[in-house]
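Data block for coords-v4.cif (mmCIF, C-alpha atoms):
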data_input
#
loop_
_atom_site.label_atom_id
_atom_site.label_comp_id
_atom_site.auth_asym_id
_atom_site.auth_seq_id
_atom_site.Cartn_x
_atom_site.Cartn_y
_atom_site.Cartn_z
CA MET A 20 31.21 -47.67 196.02
CA THR A 21 32.73 -47.76 192.57
CA GLU A 22 33.27 -44.44 190.83
CA ASP A 23 31.50 -44.27 187.49
CA ARG A 24 34.09 -43.25 184.88
CA SER A 25 31.95 -44.02 181.82
CA PRO A 26 31.83 -41.15 179.32
CA GLN A 27 28.84 -38.88 179.70
CA THR A 28 26.84 -38.23 176.59
CA LYS A 29 25.89 -34.60 176.18
CA LYS A 30 22.21 -34.34 175.46
CA GLU A 31 21.56 -32.46 172.25
CA PRO A 32 18.86 -29.79 172.46
CA ALA A 33 15.68 -31.02 170.83
CA VAL A 34 14.55 -28.96 167.85
CA ASP A 35 10.83 -29.27 167.23
CA ARG A 36 9.77 -27.76 163.91
CA ARG A 37 6.36 -26.99 165.42
CA ARG A 38 8.01 -24.70 167.95
CA LEU A 39 10.70 -23.05 165.83
CA PRO A 40 11.02 -19.40 166.97
CA LEU A 41 10.56 -17.96 163.48
CA ASN A 42 10.18 -14.34 164.64
CA ALA A 43 13.34 -14.62 166.74
CA LEU A 44 15.23 -16.25 163.87
CA ARG A 45 14.10 -13.49 161.51
CA ALA A 46 15.27 -10.87 164.03
CA PHE A 47 18.61 -12.63 164.45
CA GLU A 48 19.10 -12.90 160.66
CA ALA A 49 18.39 -9.19 160.22
CA VAL A 50 20.96 -8.19 162.87
CA ALA A 51 23.52 -10.57 161.35
CA HIS A 52 22.88 -9.09 157.90
CA HIS A 53 22.96 -5.41 158.90
CA GLY A 54 25.55 -5.70 161.68
CA SER A 55 23.45 -3.39 163.81
CA PHE A 56 20.40 -3.74 166.06
CA THR A 57 19.25 -0.26 165.07
CA ALA A 58 19.43 -0.92 161.32
CA ALA A 59 17.84 -4.35 161.70
CA ALA A 60 14.92 -2.95 163.70
CA ALA A 61 14.35 -0.29 161.04
CA ALA A 62 14.45 -2.91 158.26
CA LEU A 63 11.89 -5.10 160.06
CA ASN A 64 9.81 -2.08 161.08
CA ILE A 65 9.77 -3.02 164.75
CA SER A 66 11.15 -1.33 167.86
CA GLN A 67 14.75 -1.95 168.83
CA SER A 68 13.64 -3.18 172.26
CA ALA A 69 11.34 -5.78 170.67
CA LEU A 70 14.15 -6.90 168.37
CA SER A 71 16.56 -7.21 171.30
CA ARG A 72 14.04 -9.33 173.23
CA HIS A 73 13.75 -11.70 170.28
CA VAL A 74 17.53 -12.12 169.98
CA ILE A 75 18.07 -12.50 173.73
CA GLY A 76 15.25 -15.05 173.90
CA LEU A 77 16.83 -17.01 171.04
CA GLU A 78 20.23 -17.02 172.79
CA GLU A 79 18.64 -18.24 176.01
CA SER A 80 16.64 -20.97 174.26
CA ILE A 81 19.67 -22.47 172.52
CA GLY A 82 22.15 -21.73 175.30
CA ARG A 83 24.63 -19.98 173.01
CA LYS A 84 25.87 -16.42 172.73
CA LEU A 85 25.30 -15.25 169.16
CA PHE A 86 26.65 -11.69 169.22
CA GLU A 87 29.50 -9.75 170.77
CA ARG A 88 27.93 -6.42 171.65
CA GLY A 89 30.31 -3.46 171.74
CA HIS A 90 29.83 0.28 172.03
CA LYS A 91 30.53 0.84 168.33
CA ALA A 92 29.93 -2.52 166.68
CA THR A 93 27.93 -5.72 166.92
CA THR A 94 29.76 -8.79 165.66
CA LEU A 95 28.78 -12.44 165.34
CA THR A 96 30.36 -15.09 167.53
CA ASP A 97 31.51 -18.35 165.94
CA ASP A 98 28.17 -19.91 166.87
CA GLY A 99 26.40 -16.87 165.47
CA ARG A 100 28.22 -17.14 162.14
CA SER A 101 27.34 -20.81 161.87
CA LEU A 102 23.68 -20.18 162.61
CA ALA A 103 23.52 -17.14 160.32
CA ALA A 104 24.82 -19.16 157.38
CA GLY A 105 22.14 -21.79 157.81
CA ILE A 106 19.33 -19.36 158.55
CA GLY A 107 20.22 -17.19 155.55
CA LYS A 108 20.09 -20.16 153.19
CA GLY A 109 16.82 -21.29 154.71
CA PHE A 110 15.14 -17.91 154.30
CA ASP A 111 16.48 -17.69 150.73
CA ARG A 112 14.80 -21.02 149.94
CA ILE A 113 11.54 -19.91 151.54
CA GLU A 114 11.62 -16.60 149.68
CA GLN A 115 12.28 -18.33 146.36
CA ALA A 116 9.47 -20.83 146.95
CA MET A 117 7.04 -18.04 147.87
CA ARG A 118 7.91 -16.06 144.74
CA GLU A 119 7.33 -19.10 142.57
CA VAL A 120 4.00 -19.97 144.19
CA CYS A 121 2.72 -16.39 144.16
CA ALA A 122 3.71 -15.63 140.57
CA PRO A 123 0.96 -15.68 137.93
CA ASP A 124 0.83 -18.91 135.93
CA GLU A 125 2.22 -17.25 132.80
CA GLN A 126 5.17 -15.85 134.76
CA ARG A 127 6.15 -18.95 136.73
CA GLN A 128 9.75 -19.78 135.98
CA ARG A 129 12.46 -21.49 138.02
CA LYS A 130 15.68 -19.55 138.46
CA LEU A 131 19.12 -21.10 138.77
CA ARG A 132 21.93 -18.82 140.01
CA ILE A 133 25.35 -19.82 138.71
CA ASN A 134 28.78 -18.32 139.55
CA LEU A 135 31.54 -18.94 136.99
CA PRO A 136 35.16 -17.78 136.61
CA PRO A 137 35.30 -15.31 133.67
CA SER A 138 37.66 -17.24 131.37
CA PHE A 139 35.94 -20.57 132.06
CA ALA A 140 32.55 -19.01 131.32
CA MET A 141 33.61 -17.45 128.03
CA LYS A 142 35.62 -20.34 126.65
CA LEU A 143 33.92 -23.50 127.87
CA THR A 144 30.59 -22.91 129.52
CA VAL A 145 28.62 -20.50 127.35
CA PRO A 146 28.10 -23.05 124.54
CA LEU A 147 27.03 -25.64 127.11
CA LEU A 148 24.59 -23.24 128.76
CA THR A 149 23.09 -22.56 125.34
CA ASP A 150 22.50 -26.30 125.06
CA PHE A 151 21.00 -26.33 128.56
CA ARG A 152 18.60 -23.52 127.62
CA ARG A 153 17.41 -25.50 124.61
CA SER A 154 16.81 -28.55 126.80
CA PHE A 155 15.21 -26.61 129.70
CA PRO A 156 13.62 -23.48 128.23
CA ASP A 157 11.49 -22.86 131.32
CA VAL A 158 14.51 -22.37 133.59
CA LEU A 159 15.80 -18.82 134.00
CA LEU A 160 19.59 -18.83 134.26
CA GLU A 161 21.23 -16.03 136.25
CA VAL A 162 24.97 -16.18 135.53
CA SER A 163 27.57 -14.04 137.31
CA THR A 164 31.33 -14.06 136.72
CA PRO A 165 33.06 -12.65 139.81
CA TYR A 166 36.83 -12.54 140.04
CA GLY A 167 38.26 -14.65 142.84
CA VAL A 168 36.04 -16.33 145.42
CA PRO A 169 32.34 -16.34 144.44
CA ASP A 170 29.86 -14.51 146.63
CA SER A 171 27.24 -16.33 148.68
CA GLU A 172 24.34 -15.62 146.33
CA PHE A 173 24.44 -18.71 144.14
CA ASP A 174 22.95 -22.16 143.79
CA VAL A 175 25.97 -23.73 142.09
CA ALA A 176 29.43 -22.30 141.42
CA VAL A 177 32.51 -23.23 139.45
CA VAL A 178 35.77 -22.23 141.13
CA TYR A 179 39.37 -22.40 140.00
CA THR A 180 41.18 -24.15 142.84
CA ARG A 181 42.88 -27.30 144.03
CA PRO A 182 41.07 -30.19 145.75
CA ALA A 183 40.00 -29.19 149.26
CA VAL A 184 37.78 -30.59 151.99
CA ASP A 185 35.04 -28.16 152.93
CA GLU A 186 31.29 -28.01 153.43
CA TRP A 187 30.52 -28.04 149.70
CA ILE A 188 29.84 -30.99 147.42
CA THR A 189 32.79 -30.71 145.00
CA ASP A 190 33.05 -32.25 141.53
CA LEU A 191 35.99 -31.90 139.13
CA LEU A 192 34.89 -30.59 135.74
CA TRP A 193 38.17 -29.75 134.04
CA GLU A 194 41.73 -30.44 135.15
CA GLU A 195 44.09 -27.70 134.01
CA ARG A 196 47.60 -28.30 132.65
CA PRO A 197 48.92 -24.91 131.53
CA THR A 198 51.66 -24.58 128.95
CA ILE A 199 53.35 -21.58 127.32
CA LEU A 200 51.15 -19.81 124.78
CA CYS A 201 52.26 -16.86 122.67
CA HIS A 202 51.93 -15.07 119.33
CA PRO A 203 53.46 -17.05 116.41
CA ASP A 204 55.77 -14.13 115.52
CA LEU A 205 57.76 -14.80 118.71
CA VAL A 206 58.76 -18.30 117.59
CA ARG A 207 59.40 -17.97 113.86
CA GLY A 208 62.81 -19.60 114.21
CA GLY A 209 61.72 -22.22 116.75
CA VAL A 210 62.80 -22.58 120.37
CA SER A 211 66.16 -24.28 120.79
CA ASP A 212 66.79 -23.06 124.36
CA LEU A 213 63.66 -22.79 126.50
CA ALA A 214 65.36 -20.94 129.37
CA ALA A 215 66.79 -18.34 127.01
CA PHE A 216 63.43 -18.03 125.25
CA ILE A 217 61.67 -17.25 128.54
CA ALA A 218 64.41 -14.84 129.62
CA ALA A 219 64.20 -12.94 126.33
CA ASN A 220 60.44 -12.30 126.41
CA GLU A 221 57.97 -10.44 128.57
CA ILE A 222 56.18 -12.59 131.16
CA ILE A 223 52.40 -12.54 131.52
CA HIS A 224 51.03 -13.59 134.91
CA ILE A 225 47.48 -14.71 135.75
CA LYS A 226 46.37 -13.78 139.24
CA ILE A 227 45.27 -16.64 141.50
CA VAL A 228 43.54 -15.88 144.79
CA ASP A 229 45.83 -16.16 147.84
CA MET A 230 48.94 -16.66 145.73
CA GLU A 231 51.71 -14.29 144.67
CA PRO A 232 51.56 -13.40 140.96
CA TYR A 233 54.88 -15.06 140.09
CA VAL A 234 54.29 -18.43 141.79
CA THR A 235 52.84 -20.27 138.78
CA TRP A 236 55.75 -19.34 136.53
CA GLN A 237 58.29 -20.13 139.25
CA ARG A 238 56.82 -23.60 139.77
CA PHE A 239 56.68 -24.16 136.01
CA LEU A 240 60.44 -23.52 135.90
CA VAL A 241 61.07 -25.91 138.81
CA GLN A 242 58.93 -28.71 137.36
CA ASN A 243 60.73 -28.43 134.04
CA GLY A 244 64.25 -28.19 135.47
CA LEU A 245 64.89 -24.62 134.39
CA GLY A 246 67.12 -22.68 136.78
CA GLY A 247 68.58 -19.22 136.74
CA VAL A 248 65.62 -17.59 134.96
CA SER A 249 63.89 -14.60 136.56
CA VAL A 250 60.14 -14.36 136.09
CA ALA A 251 59.50 -11.68 138.73
CA ARG A 252 58.68 -9.17 136.02
CA GLY A 253 56.10 -8.45 133.36
CA VAL A 254 52.37 -7.78 133.68
CA THR A 255 49.62 -9.42 135.77
CA PHE A 256 45.97 -9.91 134.74
CA ASP A 257 42.90 -11.02 136.70
CA SER A 258 41.90 -13.70 134.20
CA ALA A 259 43.44 -16.04 131.67
CA SER A 260 41.32 -14.50 128.92
CA LEU A 261 42.84 -11.07 129.49
CA GLY A 262 46.34 -12.53 129.66
CA VAL A 263 45.87 -14.39 126.39
CA GLN A 264 44.34 -11.33 124.76
CA TYR A 265 47.51 -9.45 125.64
CA ALA A 266 49.61 -12.27 124.18
CA LEU A 267 47.55 -12.16 120.98
CA SER A 268 48.71 -8.58 120.48
CA GLY A 269 52.22 -9.97 120.05
CA GLN A 270 53.45 -9.25 123.56
CA GLY A 271 54.80 -11.80 126.00
CA LEU A 272 54.45 -15.42 127.09
CA VAL A 273 51.47 -16.63 129.13
CA LEU A 274 50.97 -19.88 131.00
CA ALA A 275 47.45 -21.00 130.19
CA ASP A 276 45.46 -24.16 129.58
CA PRO A 277 45.32 -24.78 125.82
CA ALA A 278 41.91 -26.42 126.26
CA LEU A 279 40.46 -23.01 127.06
CA PHE A 280 41.92 -21.44 123.93
CA ARG A 281 41.39 -24.16 121.38
CA GLU A 282 39.90 -21.79 118.80
CA GLU A 283 42.85 -19.38 118.91
CA ILE A 284 45.35 -22.27 118.65
CA GLU A 285 43.58 -24.03 115.79
CA SER A 286 43.30 -20.77 113.85
CA GLY A 287 47.05 -20.18 114.21
CA ARG A 288 46.63 -16.86 116.03
CA LEU A 289 48.19 -18.47 119.11
CA VAL A 290 50.84 -21.17 119.39
CA ALA A 291 52.14 -23.55 122.05
CA PRO A 292 55.86 -23.52 121.18
CA VAL A 293 56.95 -26.25 123.62
CA THR A 294 55.48 -29.40 125.15
CA ALA A 295 56.54 -28.44 128.67
CA HIS A 296 53.57 -27.91 130.96
CA TYR A 297 52.79 -27.22 134.61
CA TYR A 298 50.58 -29.25 136.94
CA GLU A 299 49.79 -28.83 140.62
CA GLY A 300 46.25 -30.06 140.95
CA PHE A 301 44.50 -26.89 139.87
CA GLY A 302 41.33 -27.19 137.88
CA TYR A 303 37.74 -26.04 137.60
CA TYR A 304 35.53 -27.55 140.29
CA LEU A 305 31.76 -27.43 140.62
CA LYS A 306 30.65 -26.41 144.11
CA THR A 307 27.15 -27.27 145.29
CA ASP A 308 25.56 -26.76 148.67
CA ALA A 309 24.68 -30.18 150.08
CA GLU A 310 21.32 -28.86 151.23
CA GLY A 311 20.65 -27.57 147.72
CA LEU A 312 20.75 -31.06 146.27
CA VAL A 313 17.26 -31.71 147.62
CA ASP A 314 16.10 -29.27 144.94
CA PRO A 315 15.49 -31.31 141.76
CA LEU A 316 16.59 -28.38 139.57
CA ILE A 317 19.96 -27.97 141.29
CA ALA A 318 20.56 -31.73 141.46
CA GLY A 319 19.57 -32.06 137.82
CA PHE A 320 21.86 -29.25 136.67
CA ARG A 321 24.77 -30.77 138.61
CA SER A 322 24.31 -34.14 136.91
CA TRP A 323 23.82 -32.49 133.53
CA ILE A 324 26.96 -30.34 133.55
CA ILE A 325 29.14 -33.13 135.01
CA SER A 326 28.05 -35.44 132.18
CA ARG A 327 28.75 -32.75 129.57
CA PHE A 328 32.30 -32.18 130.78
CA SER A 329 32.90 -35.91 131.11
CA ASN A 330 31.94 -36.27 127.45
CA ARG A 331 34.33 -33.48 126.48
CA MET A 332 37.24 -35.16 128.23
CA VAL A 333 36.69 -38.59 126.69
CA ASN A 334 35.90 -37.28 123.23
CA GLU A 335 39.11 -37.01 121.26
CA GLY A 336 37.47 -34.48 118.98
CA GLU A 337 37.08 -32.06 121.86
CA LYS A 338 40.76 -32.01 122.78
CA PRO A 339 42.66 -28.97 121.49
CA ALA A 340 45.19 -29.64 118.79
CA LEU A 341 48.39 -28.03 120.00
CA ARG A 342 50.17 -26.18 117.25
CA ILE A 343 53.75 -27.13 118.22
CA VAL A 344 56.40 -25.25 116.27
CA SER A 345 58.67 -27.71 114.47
CA GLY A 346 62.17 -28.10 115.85
CA THR A 347 61.21 -26.93 119.34
CA GLU A 348 62.50 -28.27 122.60
CA GLY A 349 59.99 -30.12 124.77
CA ALA A 350 61.39 -29.73 128.25
#

structure tokens encoding of this file:
Amino acid sequence: MTEDRSPQTKKEPAVDRRRLPLNALRAFEAVAHHGSFTAAAAALNISQSALSRHVIGLEESIGRKLFERGHKATTLTDDGRSLAAGIGKGFDRIEQAMREVCAPDEQRQRKLRINLPPSFAMKLTVPLLTDFRRSFPDVLLEVSTPYGVPDSEFDVAVVYTRPAVDEWITDLLWEERPTILCHPDLVRGGVSDLAAFIAANEIIHIKIVDMEPYVTWQRFLVQNGLGGVSVARGVTFDSASLGVQYALSGQGLVLADPALFREEIESGRLVAPVTAHYYEGFGYYLKTDAEGLVDPLIAGFRSWIISRFSNRMVNEGEKPALRIVSGTEGA
């Protein structure tokens, strides 16, 4: 007899939409959201024993443990977190669809939830969203500008990051190449020695999630061959807009993308005294849930905003005119 060494294919559990355990999934989602069986039962207005039966039945039906149950806390397992993410999005879609269908005809309006970085929103996106509102007046835009990583309550989000492989559909909107920006009074006589210029002025840092405040300036120095200059000093802000606002008061040097501050540069309130810049792949990326693209509104907004930023990048008139001080050194 010959031993069969052929690989065994694991049979995937069949999921029949007609038999989806909706009550059990709702119970599971409530526990995942509240982190407590007691709180979830109260929220659903059912007994804790009934809630527990739903969750246990769901675990048995899929053959996976969804919660670690302790004396003081209930936490999701890895499988539980994965399921909770999908179930939460699904219920959000159902809830949104129900609200739209149940609303009176005169109140029916689609809502699009957008997360944007603060500086990006103020300097680049607000004029575009005004254009979007003129083109799609029936769509209600709900815009939030959280610092750092956006929360989960959004349909599309713009994040400041580098290219990464994750579960989101990611599109580059604007590639950032920061350079030194400052008040014109700081460079009245030009910049003959860039290292000395940096050493003599206060340093303004822009906070980037998961990075030390001084990293951007340190890498700018390395990329431009500037050694022996300390930038571990100065003041740190949460956004580029705040950092530039501080620079506009006449204090310090900030590394920022001139494209974001075109108006201030063209008016002469802000200058880019050198041509040296910094690049490490950072930019503003549109993040869209792959499942969300089945929604014509989300898919349409994605195509619309990508086309608008593509036009900005190819249109020479949209590029900021850098006000370079004459006689400066371009490291």

Item to check | Which residue of A:His224, A:Arg152, A:His296, A:Arg288 approaches Thr198 of chain A most closely, using all atoms listed in the file | outcome: A:His296

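Computed from the coordinates, the atom CA of Glu221 of chain A to atom CA of Gly209 of chain A distance equals 17.1 Å.
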
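The space separating atom CA of Val175 of chain A from atom CA of Asp257 of chain A comes to 21.8 Å.
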
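For the pair atom CA of Val290 of chain A and atom CA of Ile199 of chain A, the interatomic distance is 8.3 Å.
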
Considering all atoms listed in the file, return as a PDB file with C-alpha atoms, in the frame of the given file whatever protein or nucleic-acid residues lie within 8 Å of segment 235-237 of chain A, sequence-local ones (same chain, fewer than 3 positions apart) excluded.
ATOM      1  CA  HIS A 224      51.030 -13.590 134.910  1.00  0.00           C
ATOM      2  CA  PRO A 232      51.560 -13.400 140.960  1.00  0.00           C
ATOM      3  CA  LEU A 240      60.440 -23.520 135.900  1.00  0.00           C
ATOM      4  CA  VAL A 241      61.070 -25.910 138.810  1.00  0.00           C
ATOM      5  CA  VAL A 250      60.140 -14.360 136.090  1.00  0.00           C
ATOM      6  CA  LEU A 274      50.970 -19.880 131.000  1.00  0.00           C
TER       7      LEU A 274
END

Next on the checklist: Suppose a student applies the PyMOL selection byres ((chain A and resi 98) around 9) to this structure; what residues should they get, written as JSON, numbers by chain?
Outcome noted: {"A": [83, 84, 85, 86, 95, 96, 97, 99, 100, 101, 102, 103]}
